[in-house]
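What follows is a single structure, written as structure tokens, with notes after it.
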Amino acid sequence: MTAPQRVSYRLESTLESVNKAEEMTDQIAAQIGFDEDTRGGISMAVREAMINAVLHGNKYDAAKRVNLTFEQKGREMTVIVADEGNGFVPEEVPNPLAPENLLKQSGRGIFLMRTFMDEVRFRKGNSGTEITLIKRLQGNDPDRQEAST
């Protein structure tokens, strides 16, 4: 069993940071072994979390940052996106599939995160919101095979 690998970044509240986070996500997911389709979903989920952090959380405030952390534990990839905004209550976000919301331009970020990731957790802290996104690599587990031999 290998030790968890973790790397963190402190990014500015800009759309450039959103793009950078999406690119880093794809690279890290590829290194872990996710296929191209799965990587696209993971990258989209992280992009949505970053957009929410930059736009809704930090409101493009140049003094505020977004903390982005990637962690690999065995066959599991965890991405944590934390802003420095006022926070929100996920249950109060309107359902994007409700008839009155179908044609709206925004409001699908949390839905997309939940669609593409195995787990999505929200935690409101004193200084912002933290979103934890978890994706597990499917298929044979080499660690398990080693343990059984």
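Order determines the names: the first chain of the structure tokens is A, the second B, and so forth; residues in each chain are numbered 1 upward, and ligands are numbered 1 upward as they are shown.
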
Which polymer residues have any atom within 9 Å of an atom of Ala21 (chain A), counting only C-alpha atoms, with same-chain residues fewer than 3 positions away left out, as a PDB file with N, CA and C atoms, in the first residue's frame?
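So part26.pdb came out as:
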```pdb
ATOM      1  N   LEU A  11      -4.602  29.783  -5.643  1.00  0.00           N
ATOM      2  CA  LEU A  11      -4.845  30.443  -6.925  1.00  0.00           C
ATOM      3  C   LEU A  11      -5.608  31.752  -6.758  1.00  0.00           C
ATOM      4  N   GLU A  16      -8.703  32.692 -15.421  1.00  0.00           N
ATOM      5  CA  GLU A  16      -7.449  32.048 -15.806  1.00  0.00           C
ATOM      6  C   GLU A  16      -7.114  30.921 -14.815  1.00  0.00           C
ATOM      7  N   SER A  17      -7.375  31.154 -13.541  1.00  0.00           N
ATOM      8  CA  SER A  17      -7.147  30.119 -12.525  1.00  0.00           C
ATOM      9  C   SER A  17      -8.086  28.937 -12.724  1.00  0.00           C
ATOM     10  N   VAL A  18      -9.312  29.216 -13.154  1.00  0.00           N
ATOM     11  CA  VAL A  18     -10.273  28.144 -13.440  1.00  0.00           C
ATOM     12  C   VAL A  18      -9.717  27.253 -14.553  1.00  0.00           C
ATOM     13  N   MET A  24      -4.700  21.148 -14.867  1.00  0.00           N
ATOM     14  CA  MET A  24      -3.974  20.366 -13.866  1.00  0.00           C
ATOM     15  C   MET A  24      -4.754  19.104 -13.502  1.00  0.00           C
ATOM     16  N   THR A  25      -6.064  19.239 -13.405  1.00  0.00           N
ATOM     17  CA  THR A  25      -6.910  18.091 -13.060  1.00  0.00           C
ATOM     18  C   THR A  25      -6.775  16.995 -14.094  1.00  0.00           C
ATOM     19  N   ASP A  26      -6.829  17.362 -15.360  1.00  0.00           N
ATOM     20  CA  ASP A  26      -6.721  16.367 -16.425  1.00  0.00           C
ATOM     21  C   ASP A  26      -5.369  15.663 -16.378  1.00  0.00           C
ATOM     22  N   SER A  43     -12.549  16.670 -14.791  1.00  0.00           N
ATOM     23  CA  SER A  43     -12.107  18.032 -15.102  1.00  0.00           C
ATOM     24  C   SER A  43     -13.278  19.006 -15.114  1.00  0.00           C
ATOM     25  N   VAL A  46     -14.334  19.733 -11.498  1.00  0.00           N
ATOM     26  CA  VAL A  46     -13.404  20.672 -10.860  1.00  0.00           C
ATOM     27  C   VAL A  46     -13.593  22.067 -11.439  1.00  0.00           C
ATOM     28  N   ARG A  47     -13.800  22.161 -12.741  1.00  0.00           N
ATOM     29  CA  ARG A  47     -14.042  23.471 -13.365  1.00  0.00           C
ATOM     30  C   ARG A  47     -15.270  24.136 -12.740  1.00  0.00           C
ATOM     31  N   MET A  50     -14.480  25.317  -9.270  1.00  0.00           N
ATOM     32  CA  MET A  50     -13.628  26.513  -9.336  1.00  0.00           C
ATOM     33  C   MET A  50     -14.426  27.745  -9.750  1.00  0.00           C
ATOM     34  N   LEU A  68      -6.665  24.951  -3.903  1.00  0.00           N
ATOM     35  CA  LEU A  68      -6.957  23.770  -4.700  1.00  0.00           C
ATOM     36  C   LEU A  68      -5.992  22.672  -4.271  1.00  0.00           C
TER      37      LEU A  68
END
```

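The neighbours of region 122-125 of chain A here are the residues that come within 7 Å of it, using only C-alpha atoms and leaving out any residue fewer than 6 positions away in the same chain; they are A:Gly87, A:Ile131, A:Thr132.
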
File dump, residues just selected, C-alpha atoms, as a tab-separated table (two decimals), in the first residue's frame:
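result_7.tsv, freshly written:
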```
chain	number	residue	atom	x	y	z
A	87	GLY	CA	-20.48	30.39	1.89
A	131	ILE	CA	-16.01	21.37	-1.78
A	132	THR	CA	-14.52	17.88	-1.71
```

Exercise. If you run DSSP on this backbone, which residues of region 11-144 of chain A come out as helix (DSSP H, G or I), and could you give them as number ranges by chain?
Worked result: A: 15-32, 36-57, 90-92, 99-101, 109-116, 142-144
